[in-house]
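Reading through the structure tokens given below for one structure.
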Amino acid sequence: MSKKITMQQIADHLGVSKFVVSKALSGKDGVSETTKERVLQAASQLGYFSQKNSYVKTMKLEQLPRVPAAGKQSVLVLMPNIRFQTKESLYWGRILDGIASRLEEDGYGMVIVSEQSVDHFVHFLNPNGILGLIGVGEISTPLLLEVHRIGLPMVLVDHEDMLIPTDTVFTNNYECMYRLTKNLIGKGHKQLCFIGDISYSRSFKDRFLGFRSAMEEQEDAERGAGAGMDMNGSKEGGLFSVEGFEHEQFQEPIKQWASKRLKARTLPTALLCANDEIAIGAVNALKELGVAVPQDVSVTGFDNIDDSFRMTPALTTVHVPKESLGKRAVERLLGRIASKAEPMEKLLLAGELLYRESTAQAKHLTK
């Protein structure tokens with residue numbers, strides 16, 4: 001049996017005092033952010049958080065500030081208002097709809113919190129009325145650590161934190177983008193590029209990895225046959241990184257990039273975008289440059305937001321079961337509450353590829 005990891009071992013590993021480690025793990029002041037980050041990293045690497053019944057120092061429920069009880073038990077839904085993570089979002093809002101409908105089935109209430117401050121967050125907790133927490137989208141490590149420290153059961157949707165063990169619910173992003181890339185390769189496309197910031201989220205990174213895996217697999221096959229794929233000649237392997245949240249923010253940088261590629265005659269014949277907002281920006285940018293979609297360049301998205309099928313041409317994309325993500329998060333939370341000692345789970349819901357008018361055979365095959 002492995003020995004229990006203690007705060008003293010973490011302190012010895014970092015060359016600091018046990019007092020510093022204790023403060024960092026309990027979220028108290030008096031420790032710099034840099035030191036706190038080092039402590040959290042070391043604790044995670046040594047397996048401190050993964051130990052059974054080894055949450056960091058837990059607050060007693062009676063010590064938590066109280067808010068008026070709503071008359072029934074509720075689930076706290078934490079969705080910090082960052083990166084357009086709001087209930088009005090065509091993506092995040094649908095996940096919230098799924099959470100709400102599933103909770104309503106069992107008679108539970110839902111309290112949505114957009115608080116980003118750790119100091120203020122604890123005031124939303126009512127020990128008599130809160131069953132657990134569902135985190136939607138990206139949430140900072142300090143906030144998640146506070147929930148972990150309190151010992152409140154939680155499930156994360158479309159996000160995970162490597163420092164803090166918890167149940168998570170995702171779409172099978174890797175597999176869907178792999179299949180989407182394979183489909184375009186099958187249509188004769190040899191110059192493909194992935195557009196999106198892979199540091200934005202775990203989902204974006206997994207989508208890029210699916211794209212890259214399909215490309216490298218085909219590259220190996222064609223190299224053996226004396227041919228070769230072209231991942232656009234970039235060091236990142238066919239990646240153009242753009243930042244933003246709405247398609248208007250993506251349109252101009254994609255337009256500038258595509259314009260340079262056009263002049264150099266290196267514009268890819270297929271653009272696989274990390275989500276639909278990026279894809280819509282890409283289609284609009286190409287139109288402004290006189291590039292026809294899909295006749296000249298095929299474009300794909302991901303998520304299947306409402307705008308994806310309303311646009312012209314309708315966007316080939318991956319349907320993410322957004323409401324189901326929310327429902328499964330509720331079911332996993334209730335399961336975690338019932339069986340706290342069970343291993344953490346990462347649930348992957350299958351996305352559906354939707355082939356629409358924004359993709360076609362590679363141009364050289366249609367001449």
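How things are named: the first chain in the structure tokens is A, the next is B, and so on; residues count from 1 in each chain; ligands count from 1 in the order shown.
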
Residues of stretch 291-342 of chain A that approach stretch 101-117 of chain A to 9 Å or less, counting only C-alpha atoms: could you list each one with the shortest pair of atoms and its distance in Å to one decimal, rows by chain and increasing residue number, as a tab-separated table?
residue	atom	partner	partner_atom	distance
A:Glu323	CA	A:Ser101	CA	8.8
A:Gly326	CA	A:Arg102	CA	7.9
A:Lys327	CA	A:Arg102	CA	5.3
A:Arg328	CA	A:Arg102	CA	8.5
A:Val330	CA	A:Arg102	CA	6.7
A:Glu331	CA	A:Arg102	CA	8.1

Selected residues written out with N, CA and C atoms, as a CSV table (one decimal), in the first residue's frame:
chain,number,residue,atom,x,y,z
A,323,GLU,N,-27.7,20.1,-25.1
A,323,GLU,CA,-28.6,19.8,-24.0
A,323,GLU,C,-28.3,18.5,-23.3
A,326,GLY,N,-25.6,18.9,-20.7
A,326,GLY,CA,-26.1,19.4,-19.4
A,326,GLY,C,-26.9,18.3,-18.6
A,327,LYS,N,-27.7,17.5,-19.3
A,327,LYS,CA,-28.4,16.5,-18.6
A,327,LYS,C,-27.5,15.4,-18.0
A,328,ARG,N,-26.5,15.0,-18.8
A,328,ARG,CA,-25.6,14.0,-18.2
A,328,ARG,C,-24.8,14.5,-17.1
A,330,VAL,N,-25.9,16.5,-14.8
A,330,VAL,CA,-26.7,16.4,-13.6
A,330,VAL,C,-26.7,15.0,-13.1
A,331,GLU,N,-26.9,14.0,-14.1
A,331,GLU,CA,-26.9,12.6,-13.7
A,331,GLU,C,-25.6,12.2,-13.0

Notebook entry, point to check: Can you list, as a VMD selection string, every residue of stretch 222-358 of chain A that DSSP puts in strand (DSSP E)?
Noted result: chain A and resid 239 to 240 270 to 273 298 to 300 317 to 319 346 to 349 352 to 354

Return as an mmCIF file with N, CA and C atoms, in the first residue's frame the full set of residues in stretch 141-266 of chain A whose backbone-based DSSP assignment is alpha helix (DSSP H).
data_model
loop_
_atom_site.group_PDB
_atom_site.id
_atom_site.type_symbol
_atom_site.label_atom_id
_atom_site.label_comp_id
_atom_site.auth_asym_id
_atom_site.auth_seq_id
_atom_site.Cartn_x
_atom_site.Cartn_y
_atom_site.Cartn_z
ATOM 1 N N THR A 141 -8.672 27.956 -11.796
ATOM 2 C CA THR A 141 -8.207 26.977 -10.805
ATOM 3 C C THR A 141 -8.517 27.414 -9.371
ATOM 4 N N PRO A 142 -8.301 28.696 -8.995
ATOM 5 C CA PRO A 142 -8.627 29.105 -7.617
ATOM 6 C C PRO A 142 -10.085 28.852 -7.240
ATOM 7 N N LEU A 143 -11.015 29.111 -8.162
ATOM 8 C CA LEU A 143 -12.424 28.858 -7.866
ATOM 9 C C LEU A 143 -12.693 27.369 -7.682
ATOM 10 N N LEU A 144 -12.133 26.558 -8.566
ATOM 11 C CA LEU A 144 -12.329 25.112 -8.451
ATOM 12 C C LEU A 144 -11.672 24.568 -7.194
ATOM 13 N N LEU A 145 -10.531 25.125 -6.846
ATOM 14 C CA LEU A 145 -9.855 24.690 -5.622
ATOM 15 C C LEU A 145 -10.705 25.003 -4.394
ATOM 16 N N GLU A 146 -11.411 26.131 -4.425
ATOM 17 C CA GLU A 146 -12.280 26.493 -3.309
ATOM 18 C C GLU A 146 -13.407 25.477 -3.154
ATOM 19 N N VAL A 147 -13.992 25.063 -4.275
ATOM 20 C CA VAL A 147 -15.048 24.048 -4.223
ATOM 21 C C VAL A 147 -14.482 22.734 -3.706
ATOM 22 N N HIS A 148 -13.297 22.379 -4.191
ATOM 23 C CA HIS A 148 -12.630 21.146 -3.767
ATOM 24 C C HIS A 148 -12.299 21.200 -2.278
ATOM 25 N N ARG A 149 -11.860 22.358 -1.827
ATOM 26 C CA ARG A 149 -11.490 22.525 -0.415
ATOM 27 C C ARG A 149 -12.700 22.354 0.498
ATOM 28 N N ILE A 150 -13.817 22.881 0.055
ATOM 29 C CA ILE A 150 -15.048 22.763 0.838
ATOM 30 C C ILE A 150 -15.547 21.324 0.858
ATOM 31 N N ASN A 173 -14.617 15.101 -29.033
ATOM 32 C CA ASN A 173 -14.055 16.088 -29.953
ATOM 33 C C ASN A 173 -12.997 15.505 -30.883
ATOM 34 N N TYR A 174 -12.103 14.704 -30.324
ATOM 35 C CA TYR A 174 -11.011 14.132 -31.111
ATOM 36 C C TYR A 174 -11.553 13.278 -32.252
ATOM 37 N N GLU A 175 -12.426 12.346 -31.925
ATOM 38 C CA GLU A 175 -12.929 11.419 -32.925
ATOM 39 C C GLU A 175 -13.726 12.131 -34.015
ATOM 40 N N CYS A 176 -14.536 13.113 -33.617
ATOM 41 C CA CYS A 176 -15.356 13.816 -34.605
ATOM 42 C C CYS A 176 -14.491 14.601 -35.594
ATOM 43 N N MET A 177 -13.478 15.309 -35.093
ATOM 44 C CA MET A 177 -12.627 16.071 -36.004
ATOM 45 C C MET A 177 -11.769 15.141 -36.855
ATOM 46 N N TYR A 178 -11.379 14.020 -36.317
ATOM 47 C CA TYR A 178 -10.637 13.020 -37.090
ATOM 48 C C TYR A 178 -11.485 12.554 -38.277
ATOM 49 N N ARG A 179 -12.741 12.222 -38.028
ATOM 50 C CA ARG A 179 -13.623 11.749 -39.088
ATOM 51 C C ARG A 179 -13.923 12.841 -40.103
ATOM 52 N N LEU A 180 -14.090 14.073 -39.624
ATOM 53 C CA LEU A 180 -14.364 15.191 -40.524
ATOM 54 C C LEU A 180 -13.176 15.438 -41.450
ATOM 55 N N THR A 181 -11.971 15.353 -40.897
ATOM 56 C CA THR A 181 -10.760 15.520 -41.707
ATOM 57 C C THR A 181 -10.622 14.393 -42.720
ATOM 58 N N LYS A 182 -10.891 13.177 -42.288
ATOM 59 C CA LYS A 182 -10.829 12.027 -43.191
ATOM 60 C C LYS A 182 -11.809 12.185 -44.351
ATOM 61 N N ASN A 183 -12.980 12.742 -44.069
ATOM 62 C CA ASN A 183 -13.975 12.941 -45.110
ATOM 63 C C ASN A 183 -13.455 13.899 -46.183
ATOM 64 N N LEU A 184 -12.805 14.976 -45.755
ATOM 65 C CA LEU A 184 -12.273 15.944 -46.715
ATOM 66 C C LEU A 184 -11.096 15.366 -47.498
ATOM 67 N N ILE A 185 -10.285 14.577 -46.828
ATOM 68 C CA ILE A 185 -9.191 13.905 -47.534
ATOM 69 C C ILE A 185 -9.773 12.972 -48.597
ATOM 70 N N GLY A 186 -10.861 12.305 -48.239
ATOM 71 C CA GLY A 186 -11.526 11.424 -49.188
ATOM 72 C C GLY A 186 -12.119 12.175 -50.376
ATOM 73 N N ARG A 202 -9.763 22.828 -23.679
ATOM 74 C CA ARG A 202 -9.399 21.433 -23.898
ATOM 75 C C ARG A 202 -10.098 20.897 -25.140
ATOM 76 N N SER A 203 -11.332 21.341 -25.382
ATOM 77 C CA SER A 203 -12.067 20.877 -26.557
ATOM 78 C C SER A 203 -11.369 21.290 -27.847
ATOM 79 N N PHE A 204 -10.916 22.550 -27.904
ATOM 80 C CA PHE A 204 -10.224 23.021 -29.104
ATOM 81 C C PHE A 204 -8.946 22.218 -29.338
ATOM 82 N N LYS A 205 -8.224 21.940 -28.260
ATOM 83 C CA LYS A 205 -6.988 21.181 -28.398
ATOM 84 C C LYS A 205 -7.265 19.769 -28.898
ATOM 85 N N ASP A 206 -8.293 19.130 -28.350
ATOM 86 C CA ASP A 206 -8.638 17.773 -28.786
ATOM 87 C C ASP A 206 -9.075 17.760 -30.249
ATOM 88 N N ARG A 207 -9.763 18.812 -30.679
ATOM 89 C CA ARG A 207 -10.191 18.893 -32.079
ATOM 90 C C ARG A 207 -8.976 19.018 -32.996
ATOM 91 N N PHE A 208 -8.004 19.814 -32.582
ATOM 92 C CA PHE A 208 -6.788 19.933 -33.393
ATOM 93 C C PHE A 208 -6.030 18.615 -33.435
ATOM 94 N N LEU A 209 -5.973 17.917 -32.303
ATOM 95 C CA LEU A 209 -5.269 16.632 -32.269
ATOM 96 C C LEU A 209 -5.941 15.610 -33.186
ATOM 97 N N GLY A 210 -7.271 15.640 -33.262
ATOM 98 C CA GLY A 210 -7.976 14.759 -34.186
ATOM 99 C C GLY A 210 -7.644 15.085 -35.627
ATOM 100 N N PHE A 211 -7.589 16.390 -35.938
ATOM 101 C CA PHE A 211 -7.200 16.841 -37.281
ATOM 102 C C PHE A 211 -5.779 16.387 -37.606
ATOM 103 N N ARG A 212 -4.874 16.632 -36.688
ATOM 104 C CA ARG A 212 -3.464 16.310 -36.940
ATOM 105 C C ARG A 212 -3.249 14.804 -37.088
ATOM 106 N N SER A 213 -3.964 14.035 -36.290
ATOM 107 C CA SER A 213 -3.829 12.580 -36.364
ATOM 108 C C SER A 213 -4.257 12.062 -37.733
ATOM 109 N N ALA A 214 -5.380 12.560 -38.241
ATOM 110 C CA ALA A 214 -5.857 12.138 -39.559
ATOM 111 C C ALA A 214 -4.885 12.548 -40.653
ATOM 112 N N MET A 215 -4.326 13.747 -40.538
ATOM 113 C CA MET A 215 -3.388 14.245 -41.533
ATOM 114 C C MET A 215 -2.089 13.438 -41.528
ATOM 115 N N GLU A 216 -1.568 13.179 -40.336
ATOM 116 C CA GLU A 216 -0.316 12.425 -40.245
ATOM 117 C C GLU A 216 -0.501 10.991 -40.721
ATOM 118 N N GLU A 217 -1.652 10.420 -40.435
ATOM 119 C CA GLU A 217 -1.942 9.058 -40.889
ATOM 120 C C GLU A 217 -1.963 8.995 -42.417
ATOM 121 N N GLN A 218 -2.614 9.988 -43.034
ATOM 122 C CA GLN A 218 -2.675 10.029 -44.486
ATOM 123 C C GLN A 218 -1.314 10.354 -45.090
ATOM 124 N N GLU A 219 -0.579 11.209 -44.387
ATOM 125 C CA GLU A 219 0.760 11.590 -44.842
ATOM 126 C C GLU A 219 1.667 10.363 -44.906
ATOM 127 N N ASP A 220 1.603 9.533 -43.875
ATOM 128 C CA ASP A 220 2.407 8.306 -43.841
ATOM 129 C C ASP A 220 2.019 7.374 -44.977
ATOM 130 N N ALA A 221 0.690 7.256 -45.224
ATOM 131 C CA ALA A 221 0.216 6.359 -46.277
ATOM 132 C C ALA A 221 0.675 6.839 -47.650
ATOM 133 N N GLU A 222 0.603 8.136 -47.888
ATOM 134 C CA GLU A 222 0.970 8.664 -49.200
ATOM 135 C C GLU A 222 2.484 8.729 -49.382
ATOM 136 N N ARG A 223 3.196 8.895 -48.286
ATOM 137 C CA ARG A 223 4.658 8.889 -48.380
ATOM 138 C C ARG A 223 5.122 7.511 -48.834
ATOM 139 N N GLY A 224 4.454 6.490 -48.336
ATOM 140 C CA GLY A 224 4.795 5.137 -48.738
ATOM 141 C C GLY A 224 4.463 4.861 -50.194
ATOM 142 N N HIS A 247 -18.001 35.687 -34.614
ATOM 143 C CA HIS A 247 -17.448 35.560 -35.970
ATOM 144 C C HIS A 247 -16.893 36.871 -36.520
ATOM 145 N N GLU A 248 -17.426 38.009 -36.067
ATOM 146 C CA GLU A 248 -16.889 39.285 -36.536
ATOM 147 C C GLU A 248 -15.439 39.477 -36.113
ATOM 148 N N GLN A 249 -15.076 38.941 -34.953
ATOM 149 C CA GLN A 249 -13.703 39.082 -34.459
ATOM 150 C C GLN A 249 -12.726 38.203 -35.225
ATOM 151 N N PHE A 250 -13.213 37.118 -35.807
ATOM 152 C CA PHE A 250 -12.337 36.218 -36.550
ATOM 153 C C PHE A 250 -12.177 36.631 -38.012
ATOM 154 N N GLN A 251 -13.144 37.351 -38.524
ATOM 155 C CA GLN A 251 -13.196 37.618 -39.965
ATOM 156 C C GLN A 251 -11.976 38.365 -40.493
ATOM 157 N N GLU A 252 -11.573 39.444 -39.845
ATOM 158 C CA GLU A 252 -10.476 40.260 -40.364
ATOM 159 C C GLU A 252 -9.128 39.538 -40.327
ATOM 160 N N PRO A 253 -8.751 38.911 -39.190
ATOM 161 C CA PRO A 253 -7.460 38.201 -39.205
ATOM 162 C C PRO A 253 -7.421 37.052 -40.207
ATOM 163 N N ILE A 254 -8.541 36.358 -40.401
ATOM 164 C CA ILE A 254 -8.581 35.285 -41.399
ATOM 165 C C ILE A 254 -8.468 35.876 -42.799
ATOM 166 N N LYS A 255 -9.110 37.020 -43.014
ATOM 167 C CA LYS A 255 -9.042 37.677 -44.321
ATOM 168 C C LYS A 255 -7.602 38.070 -44.652
ATOM 169 N N GLN A 256 -6.890 38.641 -43.683
ATOM 170 C CA GLN A 256 -5.500 39.042 -43.915
ATOM 171 C C GLN A 256 -4.621 37.822 -44.202
ATOM 172 N N TRP A 257 -4.824 36.776 -43.437
ATOM 173 C CA TRP A 257 -4.049 35.540 -43.633
ATOM 174 C C TRP A 257 -4.332 34.928 -45.005
ATOM 175 N N ALA A 258 -5.615 34.839 -45.363
ATOM 176 C CA ALA A 258 -6.003 34.247 -46.640
ATOM 177 C C ALA A 258 -5.515 35.082 -47.816
ATOM 178 N N SER A 259 -5.512 36.397 -47.652
ATOM 179 C CA SER A 259 -5.037 37.283 -48.722
ATOM 180 C C SER A 259 -3.569 37.017 -49.038
ATOM 181 N N LYS A 260 -2.766 36.851 -48.006
ATOM 182 C CA LYS A 260 -1.336 36.548 -48.203
ATOM 183 C C LYS A 260 -1.173 35.194 -48.872
ATOM 184 N N ARG A 261 -1.992 34.232 -48.468
ATOM 185 C CA ARG A 261 -1.911 32.898 -49.056
ATOM 186 C C ARG A 261 -2.318 32.913 -50.529
ATOM 187 N N LEU A 262 -3.314 33.718 -50.840
ATOM 188 C CA LEU A 262 -3.759 33.834 -52.224
ATOM 189 C C LEU A 262 -2.631 34.367 -53.116
ATOM 190 N N LYS A 263 -1.976 35.419 -52.654
ATOM 191 C CA LYS A 263 -0.891 36.013 -53.423
ATOM 192 C C LYS A 263 0.267 35.039 -53.599
#

Margin query: I'd like the contact shell of A:Thr171 - 8 Å cut-off, only C-alpha atoms, skipping same-chain residues fewer than 2 positions apart - returned as a PyMOL selection string.
Written below: chain A and resi 158+169+173+320-321+325+348-351

Preceding selection exported with C-alpha atoms as a compact mmCIF listing (two decimals), in the first residue's frame:
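Saved to again-v8.txt:
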# COMPACT_ATOMS: atom_id res chain seq x y z
CA ASP A 158 -16.55 21.02 -21.45
CA VAL A 169 -18.50 15.62 -19.41
CA ASN A 173 -14.05 16.09 -29.95
CA VAL A 320 -22.60 18.70 -30.28
CA PRO A 321 -25.48 17.37 -28.12
CA LEU A 325 -24.19 17.46 -22.02
CA LEU A 348 -17.72 11.40 -23.74
CA LEU A 349 -20.96 11.95 -25.65
CA ALA A 350 -20.88 11.20 -29.36
CA GLY A 351 -21.17 14.12 -31.76

Notebook entry, point to check: Separation of atom CA of A:Val293 and atom CA of A:Phe309, in Å?
Noted result: 14.6 Å
